[in-house]
file start.cif (mmCIF, C-alpha atoms)
data_structure
loop_
_atom_site.label_atom_id
_atom_site.label_comp_id
_atom_site.auth_asym_id
_atom_site.auth_seq_id
_atom_site.Cartn_x
_atom_site.Cartn_y
_atom_site.Cartn_z
CA MET A 1 -171.59 -40.19 -65.52
CA ASN A 2 -170.17 -40.81 -62.05
CA GLN A 3 -169.85 -37.75 -59.84
CA ALA A 4 -166.66 -37.46 -57.79
CA VAL A 5 -167.39 -35.98 -54.37
CA ILE A 6 -165.41 -35.00 -51.30
CA VAL A 7 -166.75 -36.67 -48.19
CA ASP A 8 -164.20 -35.33 -45.71
CA ALA A 9 -160.85 -33.59 -45.41
CA VAL A 10 -158.40 -33.30 -42.51
CA ARG A 11 -154.91 -32.02 -41.78
CA THR A 12 -152.36 -31.71 -39.05
CA ALA A 13 -151.60 -28.30 -37.63
CA SER A 14 -148.36 -27.01 -39.10
CA GLY A 15 -145.01 -27.45 -37.43
CA ARG A 16 -141.90 -25.41 -38.04
CA GLY A 17 -139.79 -27.40 -40.49
CA LYS A 18 -136.55 -27.37 -38.60
CA PRO A 19 -135.07 -29.18 -35.59
CA GLY A 20 -137.06 -28.30 -32.51
CA GLY A 21 -140.27 -27.74 -34.46
CA ALA A 22 -143.40 -29.22 -32.89
CA LEU A 23 -143.57 -32.11 -35.38
CA SER A 24 -139.84 -32.62 -35.92
CA GLY A 25 -139.72 -35.65 -33.64
CA ILE A 26 -142.22 -37.61 -35.74
CA HIS A 27 -141.36 -39.85 -38.70
CA PRO A 28 -143.16 -38.49 -41.81
CA ALA A 29 -144.89 -41.83 -42.46
CA THR A 30 -146.25 -41.73 -38.91
CA LEU A 31 -147.40 -38.15 -39.47
CA LEU A 32 -149.30 -39.13 -42.61
CA ALA A 33 -150.65 -42.28 -40.95
CA GLY A 34 -152.32 -40.13 -38.32
CA VAL A 35 -154.49 -38.22 -40.79
CA LEU A 36 -155.30 -41.42 -42.73
CA ALA A 37 -156.44 -43.21 -39.58
CA GLU A 38 -158.52 -40.24 -38.44
CA LEU A 39 -160.19 -39.87 -41.84
CA VAL A 40 -161.27 -43.52 -41.70
CA ARG A 41 -162.30 -43.35 -38.03
CA ARG A 42 -164.45 -40.25 -38.12
CA ASN A 43 -166.38 -41.45 -41.17
CA ASP A 44 -166.86 -44.95 -39.72
CA LEU A 45 -165.49 -46.32 -42.99
CA ASP A 46 -164.51 -49.93 -43.54
CA PRO A 47 -160.91 -49.35 -44.73
CA ALA A 48 -161.02 -52.51 -46.85
CA LEU A 49 -163.36 -50.60 -49.20
CA VAL A 50 -160.64 -48.09 -50.13
CA ASP A 51 -159.57 -48.71 -53.74
CA ASP A 52 -156.32 -46.74 -53.52
CA VAL A 53 -154.31 -44.31 -51.42
CA ILE A 54 -152.52 -41.68 -53.49
CA ALA A 55 -150.03 -39.48 -51.65
CA GLY A 56 -148.05 -36.45 -52.69
CA CYS A 57 -144.48 -36.05 -51.45
CA VAL A 58 -141.65 -34.01 -52.94
CA SER A 59 -138.42 -35.14 -51.28
CA GLN A 60 -138.76 -38.88 -51.79
CA ILE A 61 -135.52 -39.88 -50.11
CA GLY A 62 -134.52 -41.14 -46.68
CA GLU A 63 -137.56 -41.43 -44.40
CA GLN A 64 -139.81 -40.35 -47.27
CA SER A 65 -138.53 -42.89 -49.78
CA TYR A 66 -139.78 -46.29 -50.93
CA ASN A 67 -143.38 -45.19 -51.57
CA ILE A 68 -144.30 -43.40 -48.35
CA ALA A 69 -148.00 -43.74 -49.24
CA ARG A 70 -147.72 -47.49 -48.68
CA THR A 71 -145.65 -47.16 -45.51
CA ALA A 72 -148.10 -44.65 -44.06
CA MET A 73 -151.29 -46.57 -44.84
CA LEU A 74 -149.85 -49.75 -43.34
CA THR A 75 -148.76 -47.74 -40.28
CA ALA A 76 -152.32 -46.41 -40.06
CA GLY A 77 -153.64 -49.97 -39.83
CA LEU A 78 -155.35 -50.12 -43.21
CA PRO A 79 -155.60 -53.66 -44.64
CA GLU A 80 -152.68 -55.00 -46.62
CA SER A 81 -155.08 -55.46 -49.55
CA VAL A 82 -155.38 -51.66 -50.00
CA PRO A 83 -152.87 -50.39 -52.60
CA ALA A 84 -151.01 -47.10 -52.38
CA THR A 85 -148.74 -44.97 -54.52
CA THR A 86 -146.74 -41.76 -54.18
CA VAL A 87 -146.68 -38.99 -56.79
CA ASP A 88 -144.41 -36.01 -57.35
CA ARG A 89 -145.60 -32.86 -59.07
CA GLN A 90 -143.41 -30.79 -56.78
CA CYS A 91 -145.42 -28.36 -54.60
CA GLY A 92 -148.64 -29.50 -56.26
CA SER A 93 -148.05 -33.19 -55.52
CA SER A 94 -151.06 -33.77 -53.27
CA GLN A 95 -153.27 -31.57 -55.45
CA GLN A 96 -152.28 -33.85 -58.31
CA ALA A 97 -153.07 -36.83 -56.06
CA VAL A 98 -156.57 -35.37 -55.68
CA HIS A 99 -156.87 -35.00 -59.46
CA PHE A 100 -155.80 -38.59 -60.06
CA ALA A 101 -158.23 -39.85 -57.41
CA ALA A 102 -161.22 -37.87 -58.65
CA GLN A 103 -160.48 -38.58 -62.30
CA GLY A 104 -160.27 -42.30 -61.51
CA ILE A 105 -163.72 -42.12 -59.96
CA LEU A 106 -165.11 -40.16 -62.91
CA ALA A 107 -163.69 -42.82 -65.22
CA GLY A 108 -165.30 -45.61 -63.21
CA ALA A 109 -161.97 -47.13 -62.17
CA TYR A 110 -162.43 -46.31 -58.47
CA ASP A 111 -165.27 -45.97 -55.97
CA ILE A 112 -163.34 -44.78 -52.90
CA VAL A 113 -159.89 -43.18 -52.82
CA ILE A 114 -157.90 -41.29 -50.23
CA ALA A 115 -155.77 -38.50 -51.70
CA CYS A 116 -153.20 -37.16 -49.26
CA GLY A 117 -149.79 -35.62 -48.85
CA VAL A 118 -146.93 -35.18 -46.42
CA GLU A 119 -143.63 -33.43 -46.02
CA SER A 120 -141.32 -33.37 -43.02
CA MET A 121 -138.96 -30.57 -43.94
CA SER A 122 -137.25 -30.79 -40.55
CA ARG A 123 -136.26 -34.42 -41.07
CA VAL A 124 -135.91 -34.51 -44.87
CA PRO A 125 -134.64 -31.06 -45.88
CA MET A 126 -135.82 -29.46 -49.10
CA GLY A 127 -133.58 -30.47 -51.98
CA SER A 128 -132.49 -33.73 -50.34
CA SER A 129 -133.78 -35.82 -53.21
CA ARG A 130 -131.23 -34.27 -55.54
CA HIS A 131 -128.60 -36.15 -53.49
CA ASP A 132 -125.79 -36.31 -56.04
CA GLY A 133 -125.21 -35.21 -59.61
CA ASP A 134 -127.03 -32.58 -61.67
CA PRO A 135 -130.56 -33.59 -62.73
CA PHE A 136 -130.75 -30.60 -65.07
CA ALA A 137 -127.56 -31.26 -67.03
CA PRO A 138 -129.49 -32.57 -70.09
CA LEU A 139 -131.32 -29.22 -70.29
CA ALA A 140 -128.14 -27.24 -70.93
CA SER A 141 -128.59 -27.18 -74.71
CA ARG A 142 -132.14 -25.85 -74.38
CA TYR A 143 -131.42 -23.42 -71.53
CA PRO A 144 -127.72 -22.54 -72.00
CA ASP A 145 -127.83 -19.77 -69.39
CA GLY A 146 -129.26 -22.18 -66.83
CA LEU A 147 -132.38 -22.25 -64.72
CA VAL A 148 -132.68 -20.62 -61.30
CA GLN A 149 -133.99 -21.48 -57.86
CA GLN A 150 -137.53 -20.56 -56.86
CA GLY A 151 -136.52 -17.57 -54.76
CA ILE A 152 -135.00 -15.96 -57.84
CA SER A 153 -138.15 -16.75 -59.80
CA ALA A 154 -140.15 -15.00 -57.08
CA GLU A 155 -137.83 -11.99 -57.47
CA LEU A 156 -138.35 -11.99 -61.24
CA ILE A 157 -142.13 -12.03 -60.75
CA ALA A 158 -141.96 -9.09 -58.34
CA ALA A 159 -139.73 -7.13 -60.71
CA ARG A 160 -141.62 -7.85 -63.93
CA HIS A 161 -145.06 -7.32 -62.36
CA LYS A 162 -143.80 -4.20 -60.56
CA ILE A 163 -144.83 -5.42 -57.11
CA ASP A 164 -143.10 -3.18 -54.58
CA ARG A 165 -141.50 -4.45 -51.38
CA ASP A 166 -144.08 -2.71 -49.16
CA VAL A 167 -146.90 -4.42 -51.07
CA LEU A 168 -145.25 -7.82 -50.57
CA ASP A 169 -144.78 -7.20 -46.85
CA ASP A 170 -148.33 -5.89 -46.41
CA PHE A 171 -149.65 -9.05 -48.04
CA ALA A 172 -147.49 -11.25 -45.80
CA ALA A 173 -148.64 -9.48 -42.64
CA ARG A 174 -152.24 -9.80 -43.79
CA SER A 175 -151.77 -13.56 -44.23
CA HIS A 176 -150.72 -13.89 -40.60
CA HIS A 177 -153.54 -11.65 -39.35
CA ARG A 178 -156.19 -13.56 -41.30
CA ALA A 179 -154.87 -16.93 -40.19
CA ALA A 180 -154.68 -15.81 -36.56
CA GLN A 181 -158.22 -14.47 -36.70
CA ALA A 182 -159.53 -17.69 -38.28
CA ALA A 183 -157.71 -19.84 -35.74
CA GLY A 184 -158.97 -17.70 -32.87
CA ALA A 185 -162.53 -18.05 -34.13
CA GLY A 186 -162.19 -21.83 -34.28
CA TYR A 187 -162.45 -22.03 -38.08
CA PHE A 188 -159.71 -24.68 -38.26
CA ASP A 189 -160.82 -26.80 -35.31
CA ALA A 190 -162.88 -29.31 -37.32
CA GLU A 191 -160.14 -29.91 -39.89
CA ILE A 192 -157.14 -30.33 -37.56
CA VAL A 193 -156.17 -33.81 -36.39
CA PRO A 194 -154.37 -33.85 -33.00
CA VAL A 195 -150.81 -35.16 -33.08
CA ASP A 196 -149.21 -36.60 -29.95
CA VAL A 197 -145.85 -34.92 -29.45
CA MET A 198 -143.13 -34.55 -26.84
CA ASP A 199 -141.43 -31.25 -26.03
CA ALA A 200 -137.71 -30.65 -25.46
CA GLN A 201 -138.13 -31.40 -21.77
CA GLY A 202 -139.73 -34.77 -22.50
CA ALA A 203 -143.25 -33.74 -21.55
CA ALA A 204 -146.03 -35.31 -23.62
CA GLY A 205 -148.61 -33.11 -25.28
CA ARG A 206 -150.92 -32.73 -28.27
CA HIS A 207 -150.17 -30.50 -31.23
CA LEU A 208 -153.36 -28.68 -32.28
CA THR A 209 -152.28 -25.19 -33.33
CA ASP A 210 -150.45 -24.02 -36.45
CA GLU A 211 -146.97 -23.25 -35.19
CA THR A 212 -146.13 -21.06 -38.17
CA ILE A 213 -148.76 -18.36 -37.51
CA ARG A 214 -147.27 -15.18 -36.03
CA PRO A 215 -150.26 -13.05 -34.96
CA ALA A 216 -148.21 -10.00 -33.98
CA THR A 217 -146.52 -9.68 -37.39
CA THR A 218 -146.60 -6.20 -38.91
CA ALA A 219 -145.50 -4.92 -42.28
CA ALA A 220 -143.14 -2.51 -40.49
CA GLN A 221 -141.38 -5.45 -38.83
CA LEU A 222 -141.14 -7.34 -42.10
CA ALA A 223 -139.66 -4.28 -43.80
CA LYS A 224 -136.56 -4.65 -41.60
CA LEU A 225 -135.71 -8.12 -42.95
CA ARG A 226 -132.93 -8.51 -45.47
CA PRO A 227 -133.55 -10.05 -48.90
CA ALA A 228 -133.05 -13.81 -48.75
CA PHE A 229 -131.75 -14.63 -52.23
CA THR A 230 -129.19 -11.96 -53.19
CA ASP A 231 -126.63 -13.21 -55.69
CA GLU A 232 -124.13 -11.14 -57.68
CA GLY A 233 -124.22 -13.44 -60.68
CA VAL A 234 -128.00 -13.33 -60.80
CA ALA A 235 -127.94 -9.54 -60.45
CA ARG A 236 -125.73 -9.27 -63.52
CA ARG A 237 -127.94 -11.63 -65.48
CA PHE A 238 -131.21 -9.98 -64.40
CA PRO A 239 -130.54 -6.29 -63.72
CA GLU A 240 -134.27 -5.66 -63.22
CA ILE A 241 -134.19 -7.52 -59.90
CA ASP A 242 -133.84 -5.20 -56.90
CA TRP A 243 -134.16 -7.85 -54.17
CA ARG A 244 -137.57 -7.69 -52.55
CA ILE A 245 -138.14 -11.30 -51.43
CA THR A 246 -137.36 -12.05 -47.78
CA ALA A 247 -138.01 -14.85 -45.32
CA GLY A 248 -140.94 -12.76 -44.10
CA ASN A 249 -142.81 -12.57 -47.40
CA SER A 250 -142.07 -16.20 -48.26
CA SER A 251 -143.59 -19.40 -46.90
CA PRO A 252 -141.65 -20.99 -44.02
CA LEU A 253 -140.14 -24.47 -43.97
CA THR A 254 -142.95 -26.64 -42.62
CA ASP A 255 -143.84 -30.11 -41.41
CA GLY A 256 -147.38 -31.36 -42.01
CA ALA A 257 -149.76 -33.88 -43.53
CA SER A 258 -153.31 -33.78 -44.87
CA ALA A 259 -155.81 -36.14 -46.48
CA VAL A 260 -159.09 -36.03 -48.41
CA LEU A 261 -161.68 -38.81 -48.68
CA ILE A 262 -163.03 -38.93 -52.24
CA MET A 263 -165.85 -41.17 -53.45
CA SER A 264 -168.34 -41.63 -56.21
CA GLU A 265 -171.56 -39.93 -55.19
CA GLU A 266 -173.36 -43.25 -55.58
CA ARG A 267 -171.02 -45.03 -53.15
CA ALA A 268 -171.20 -42.20 -50.61
CA THR A 269 -174.99 -42.36 -50.68
CA ALA A 270 -174.97 -46.15 -50.30
CA LEU A 271 -172.72 -45.82 -47.23
CA GLY A 272 -174.90 -43.10 -45.69
CA LEU A 273 -172.16 -40.47 -45.95
CA ARG A 274 -172.95 -36.86 -46.82
CA PRO A 275 -170.77 -35.39 -49.59
CA ARG A 276 -169.42 -31.98 -48.66
CA ALA A 277 -168.41 -30.89 -52.17
CA ARG A 278 -168.09 -32.15 -55.71
CA PHE A 279 -165.36 -31.67 -58.27
CA HIS A 280 -166.34 -29.30 -61.03
CA ALA A 281 -163.19 -28.99 -63.17
CA PHE A 282 -159.45 -29.76 -63.26
CA ALA A 283 -156.50 -28.29 -65.11
CA VAL A 284 -152.75 -28.68 -65.22
CA THR A 285 -150.39 -26.55 -67.29
CA GLY A 286 -146.74 -26.12 -68.10
CA SER A 287 -145.05 -22.72 -68.41
CA ASP A 288 -141.61 -21.09 -68.59
CA PRO A 289 -139.36 -23.11 -66.23
CA LEU A 290 -137.16 -20.07 -65.64
CA ILE A 291 -139.74 -17.80 -64.07
CA MET A 292 -141.60 -21.03 -63.22
CA LEU A 293 -144.09 -19.75 -60.62
CA THR A 294 -146.53 -17.92 -62.91
CA GLY A 295 -148.15 -21.14 -64.12
CA VAL A 296 -151.07 -20.41 -61.79
CA ILE A 297 -152.26 -17.79 -64.28
CA PRO A 298 -152.69 -20.03 -67.39
CA ALA A 299 -153.88 -22.88 -65.12
CA THR A 300 -156.64 -20.64 -63.77
CA ARG A 301 -157.65 -19.54 -67.26
CA LYS A 302 -157.78 -23.18 -68.35
CA VAL A 303 -159.83 -24.42 -65.40
CA LEU A 304 -162.31 -21.56 -65.69
CA GLN A 305 -162.75 -22.32 -69.38
CA ARG A 306 -163.32 -26.00 -68.59
CA SER A 307 -165.79 -25.17 -65.83
CA LYS A 308 -167.66 -22.58 -67.95
CA LEU A 309 -167.42 -20.20 -65.00
CA THR A 310 -165.91 -16.76 -64.58
CA LEU A 311 -163.87 -15.60 -61.63
CA ASP A 312 -166.90 -13.59 -60.51
CA ASP A 313 -168.70 -16.92 -59.97
CA ILE A 314 -165.98 -18.12 -57.58
CA ASP A 315 -166.68 -17.37 -53.91
CA SER A 316 -163.19 -18.13 -52.61
CA TYR A 317 -159.80 -18.65 -54.22
CA GLU A 318 -156.82 -20.38 -52.65
CA VAL A 319 -153.62 -19.42 -54.44
CA ASN A 320 -150.66 -20.96 -52.69
CA GLU A 321 -148.44 -18.41 -51.00
CA ALA A 322 -145.09 -19.96 -51.78
CA PHE A 323 -143.95 -16.34 -52.05
CA ALA A 324 -146.12 -13.23 -51.75
CA SER A 325 -145.31 -12.22 -55.32
CA VAL A 326 -147.14 -15.29 -56.70
CA PRO A 327 -150.71 -14.62 -55.46
CA LEU A 328 -150.21 -10.88 -55.98
CA ALA A 329 -149.24 -11.39 -59.63
CA TRP A 330 -152.21 -13.77 -59.98
CA GLN A 331 -154.53 -11.21 -58.39
CA ARG A 332 -153.39 -8.49 -60.79
CA ALA A 333 -153.72 -10.77 -63.81
CA PHE A 334 -157.41 -11.38 -63.05
CA ASP A 335 -158.26 -8.15 -61.21
CA ALA A 336 -159.40 -10.52 -58.47
CA ASP A 337 -161.20 -9.49 -55.31
CA PRO A 338 -158.55 -9.40 -52.52
CA GLU A 339 -161.18 -10.30 -49.93
CA ARG A 340 -161.79 -13.66 -51.61
CA LEU A 341 -158.08 -14.41 -52.01
CA ASN A 342 -156.81 -16.71 -49.24
CA PRO A 343 -159.45 -15.37 -46.81
CA ASN A 344 -158.11 -17.37 -43.85
CA GLY A 345 -154.47 -16.70 -44.59
CA GLY A 346 -152.19 -18.78 -46.75
CA ALA A 347 -148.89 -20.62 -46.71
CA ILE A 348 -146.94 -17.59 -45.47
CA ALA A 349 -148.81 -18.03 -42.17
CA LEU A 350 -150.14 -21.59 -42.28
CA GLY A 351 -146.98 -23.12 -43.71
CA HIS A 352 -146.05 -24.95 -46.89
CA PRO A 353 -145.21 -28.61 -46.25
CA LEU A 354 -144.51 -29.10 -49.97
CA GLY A 355 -146.11 -32.48 -50.82
CA GLY A 356 -148.81 -31.95 -48.20
CA SER A 357 -149.88 -28.47 -49.27
CA GLY A 358 -152.32 -29.34 -52.05
CA THR A 359 -154.66 -31.31 -49.81
CA ARG A 360 -154.14 -28.75 -47.01
CA LEU A 361 -155.40 -25.95 -49.25
CA LEU A 362 -158.36 -28.05 -50.33
CA THR A 363 -159.22 -28.86 -46.72
CA THR A 364 -159.20 -25.20 -45.73
CA LEU A 365 -161.12 -24.18 -48.86
CA ILE A 366 -163.97 -26.60 -48.15
CA GLY A 367 -164.22 -25.40 -44.56
CA HIS A 368 -164.38 -21.77 -45.66
CA LEU A 369 -167.10 -22.40 -48.24
CA GLU A 370 -169.16 -24.19 -45.59
CA ALA A 371 -168.61 -21.45 -43.01
CA THR A 372 -169.64 -18.68 -45.40
CA GLY A 373 -172.26 -20.44 -47.53
CA GLY A 374 -170.17 -20.03 -50.68
CA ARG A 375 -170.84 -22.27 -53.65
CA TYR A 376 -167.69 -22.43 -55.81
CA GLY A 377 -164.06 -22.54 -54.74
CA LEU A 378 -160.89 -22.40 -56.84
CA GLN A 379 -157.49 -23.73 -55.79
CA THR A 380 -154.28 -23.28 -57.72
CA MET A 381 -150.66 -24.05 -56.93
CA CYS A 382 -147.37 -22.99 -58.52
CA GLU A 383 -144.81 -25.77 -58.88
CA PHE A 384 -141.10 -26.05 -59.54
CA GLY A 385 -140.15 -26.42 -63.18
CA GLY A 386 -142.93 -24.25 -64.58
CA LEU A 387 -145.99 -26.31 -63.65
CA ALA A 388 -149.32 -25.53 -62.02
CA ASN A 389 -152.51 -27.33 -61.03
CA ALA A 390 -155.95 -25.76 -60.70
CA THR A 391 -159.15 -27.22 -59.31
CA VAL A 392 -162.71 -25.93 -59.04
CA ILE A 393 -165.02 -27.46 -56.46
CA GLU A 394 -168.70 -26.89 -55.72
CA ARG A 395 -169.98 -27.02 -52.16
CA LEU A 396 -172.95 -29.35 -51.70
#
call {"tool": "encode", "arguments": {"input": "start.cif", "output": "structure tokens"}}
result
Amino acid sequence: MNQAVIVDAVRTASGRGKPGGALSGIHPATLLAGVLAELVRRNDLDPALVDDVIAGCVSQIGEQSYNIARTAMLTAGLPESVPATTVDRQCGSSQQAVHFAAQGILAGAYDIVIACGVESMSRVPMGSSRHDGDPFAPLASRYPDGLVQQGISAELIAARHKIDRDVLDDFAARSHHRAAQAAGAGYFDAEIVPVDVMDAQGAAGRHLTDETIRPATTAAQLAKLRPAFTDEGVARRFPEIDWRITAGNSSPLTDGASAVLIMSEERATALGLRPRARFHAFAVTGSDPLIMLTGVIPATRKVLQRSKLTLDDIDSYEVNEAFASVPLAWQRAFDADPERLNPNGGAIALGHPLGGSGTRLLTTLIGHLEATGGRYGLQTMCEFGGLANATVIERL
């Protein structure tokens, strides 16, 4: 059977996803084009050999509409003969793009694919794709009390898993400290693609550092922040919620793009390229769309079962930090080693550019396994609507 391998993975440094953020002046297709072009350049790859470009993007409206994968790859200078498509599995969109790419190679349908993702939350605000009307109206008969936004789901997780506010804030501060330490040690240097930017004064520069990391963050500072999602109606409906989720223990709005070069092992060898990792197992699950963010737990169980591994076999786990309550609930469910959980920080510090986060996590995971000599890595991502992806890779 074909082996699907990862030849390379790159990302932009994060930008704050609001006007004035480092990447807010850049069209999202241009942002994605930059990582695509760099992936091709640094592997000396003939871009005409690419069988497909599969991109994840959540808010597919405005500048991110009309199949941004195609717009970006043409902007990057790839041949017109290379196809491209954009997928939406909410926050796991680019992780799903990776799954589709690798599964296509395993099936023999592809030899070379670029899986990637992008989100410019400064230019295309979260929720923009809803635009008009209620997309959930047909669900009223099944969920007569209605669904809730993700922040409320994060509150429900904290309440039902009995995760105290100080634990959430400690975890958030640790994310920033770990990310700052990794950045300071140069752990991210090889994976970050420079982006040419212009500051508010019109001076040109290069964006190379994650703008969302706050090295001086402390749990004591975070404890002073007010809850971000308080709602009287929700409080009546869910009296167990006591409002623990804040902007500080949640991921920030973020701009960013990332991309992964995936090939059959046979094609990589023929091109003289060294595979960095291979795909070991995939899983995707659905779960309760109300609490919605706990899908990472059944997804992890499913991918471990498919891989015939236990969590003890996994050297590093990347569990997306959409909110601190998500990885903490996951950690408690598996009695997981906290030192292996997001060892270089997570989305609370490094940012969460929605459609670009899946390939960002994978990029960072590969780099960590190489830096530490680890063999197996697990990545899992909670997604709006009660979905989750999980992936196990093996460093080569």
call {"tool": "atom_distance", "arguments": {"input": "start.cif", "atom1": "CA of Ala190 in chain A", "atom2": "CA of Val303 in chain A"}}
result
28.7 Å
call {"tool": "resolve_selection", "arguments": {"input": "start.cif", "expression": "the PyMOL selection byres ((chain A and resi 21) around 10)", "output": "ChimeraX atom specification"}}
result
/A:14-20,22-25,121-122,199-200,211-212,254-255
call {"tool": "closest_residue", "arguments": {"input": "start.cif", "among": "A:Pro353, A:Gly34, A:Pro125, A:Pro144", "to": "Ile61 in chain A", "atoms": "only C-alpha atoms"}}
result
A:Pro125
call {"tool": "closest_residue", "arguments": {"input": "start.cif", "among": "A:Arg274, A:Lys224, A:Arg395, A:His280", "to": "Gly367 in chain A", "atoms": "all atoms listed in the file"}}
result
A:Arg395
call {"tool": "closest_residue", "arguments": {"input": "start.cif", "among": "A:Arg174, A:Arg70, A:Arg226, A:His27", "to": "Ile245 in chain A", "atoms": "all atoms listed in the file"}}
result
A:Arg226
call {"tool": "axis_aligned_box", "arguments": {"input": "start.cif", "around": "range 202-218 of chain A", "padding_each_side": "8 Å", "output": "lines of an AutoDock Vina configuration file"}}
result
center_x = -146.5
center_y = -20.8
center_z = -30.2
size_x = 29.6
size_y = 45.1
size_z = 33.4
call {"tool": "resolve_selection", "arguments": {"input": "start.cif", "expression": "the PyMOL selection byres ((chain A and resi 339-345) around 6)", "output": "list in words"}}
result
Ser175, Arg178, Ala179, Ala182, Ser316, Tyr317, Glu318, Asp337, Pro338 and Gly346 of chain A
call {"tool": "closest_residue", "arguments": {"input": "start.cif", "among": "A:Thr71, A:Ser65, A:Thr85, A:Thr294", "to": "Ala154 in chain A", "atoms": "all atoms listed in the file"}}
result
A:Thr294
call {"tool": "closest_residue", "arguments": {"input": "start.cif", "among": "A:Ala48, A:Val234, A:Ala299, A:Ile157", "to": "Arg332 in chain A", "atoms": "all atoms listed in the file"}}
result
A:Ile157
call {"tool": "resolve_selection", "arguments": {"input": "start.cif", "expression": "the PyMOL selection byres ((chain A and resi 236-243) around 12)", "output": "mmCIF file with C-alpha atoms, in the coordinates of the input"}}
result
data_model
loop_
_atom_site.group_PDB
_atom_site.id
_atom_site.type_symbol
_atom_site.label_atom_id
_atom_site.label_comp_id
_atom_site.auth_asym_id
_atom_site.auth_seq_id
_atom_site.Cartn_x
_atom_site.Cartn_y
_atom_site.Cartn_z
ATOM 1 C CA ASP A 145 -127.830 -19.770 -69.390
ATOM 2 C CA GLY A 146 -129.260 -22.180 -66.830
ATOM 3 C CA LEU A 147 -132.380 -22.250 -64.720
ATOM 4 C CA VAL A 148 -132.680 -20.620 -61.300
ATOM 5 C CA GLY A 151 -136.520 -17.570 -54.760
ATOM 6 C CA ILE A 152 -135.000 -15.960 -57.840
ATOM 7 C CA SER A 153 -138.150 -16.750 -59.800
ATOM 8 C CA ALA A 154 -140.150 -15.000 -57.080
ATOM 9 C CA GLU A 155 -137.830 -11.990 -57.470
ATOM 10 C CA LEU A 156 -138.350 -11.990 -61.240
ATOM 11 C CA ILE A 157 -142.130 -12.030 -60.750
ATOM 12 C CA ALA A 158 -141.960 -9.090 -58.340
ATOM 13 C CA ALA A 159 -139.730 -7.130 -60.710
ATOM 14 C CA ARG A 160 -141.620 -7.850 -63.930
ATOM 15 C CA HIS A 161 -145.060 -7.320 -62.360
ATOM 16 C CA LYS A 162 -143.800 -4.200 -60.560
ATOM 17 C CA ILE A 163 -144.830 -5.420 -57.110
ATOM 18 C CA ASP A 164 -143.100 -3.180 -54.580
ATOM 19 C CA ARG A 165 -141.500 -4.450 -51.380
ATOM 20 C CA LEU A 168 -145.250 -7.820 -50.570
ATOM 21 C CA LEU A 225 -135.710 -8.120 -42.950
ATOM 22 C CA ARG A 226 -132.930 -8.510 -45.470
ATOM 23 C CA PRO A 227 -133.550 -10.050 -48.900
ATOM 24 C CA ALA A 228 -133.050 -13.810 -48.750
ATOM 25 C CA PHE A 229 -131.750 -14.630 -52.230
ATOM 26 C CA THR A 230 -129.190 -11.960 -53.190
ATOM 27 C CA ASP A 231 -126.630 -13.210 -55.690
ATOM 28 C CA GLU A 232 -124.130 -11.140 -57.680
ATOM 29 C CA GLY A 233 -124.220 -13.440 -60.680
ATOM 30 C CA VAL A 234 -128.000 -13.330 -60.800
ATOM 31 C CA ALA A 235 -127.940 -9.540 -60.450
ATOM 32 C CA ARG A 244 -137.570 -7.690 -52.550
ATOM 33 C CA ILE A 245 -138.140 -11.300 -51.430
ATOM 34 C CA THR A 246 -137.360 -12.050 -47.780
ATOM 35 C CA ALA A 247 -138.010 -14.850 -45.320
ATOM 36 C CA ASN A 249 -142.810 -12.570 -47.400
ATOM 37 C CA LEU A 290 -137.160 -20.070 -65.640
ATOM 38 C CA ILE A 291 -139.740 -17.800 -64.070
#
call {"tool": "closest_residue", "arguments": {"input": "start.cif", "among": "A:Ala55, A:Leu45, A:Val10, A:Ala107", "to": "Ser94 in chain A", "atoms": "all atoms listed in the file"}}
result
A:Ala55
call {"tool": "atom_distance", "arguments": {"input": "start.cif", "atom1": "CA of Val319 in chain A", "atom2": "CA of Ala37 in chain A"}}
result
28.2 Å
call {"tool": "atom_distance", "arguments": {"input": "start.cif", "atom1": "CA of Ser325 in chain A", "atom2": "CA of Ser250 in chain A"}}
result
8.7 Å
call {"tool": "residues_around", "arguments": {"input": "start.cif", "residues": "Leu208 in chain A", "least_positions_apart": "5", "cutoff": "9 Å", "atoms": "all atoms listed in the file", "output": "ChimeraX atom specification"}}
result
/A:12-14,189,192-195
call {"tool": "residues_around", "arguments": {"input": "start.cif", "residues": "Ala390 in chain A", "least_positions_apart": "6", "cutoff": "9 Å", "atoms": "all atoms listed in the file", "output": "list in words"}}
result
Gln95, Ala281, Phe282, Ala283, Val284, Thr285, Val296, Ala299, Thr300, Lys302, Val303, Leu378, Gln379, Thr380 and Met381 of chain A
call {"tool": "residues_around", "arguments": {"input": "start.cif", "residues": "Thr359 in chain A", "least_positions_apart": "3", "cutoff": "8 Å", "atoms": "only C-alpha atoms", "output": "list of chain:residue names"}}
result
A:Ala9, A:Ser94, A:Gln95, A:Val98, A:Ala115, A:Cys116, A:Gly117, A:Ser258, A:Ala259, A:Val260, A:Gly356, A:Leu362, A:Thr363
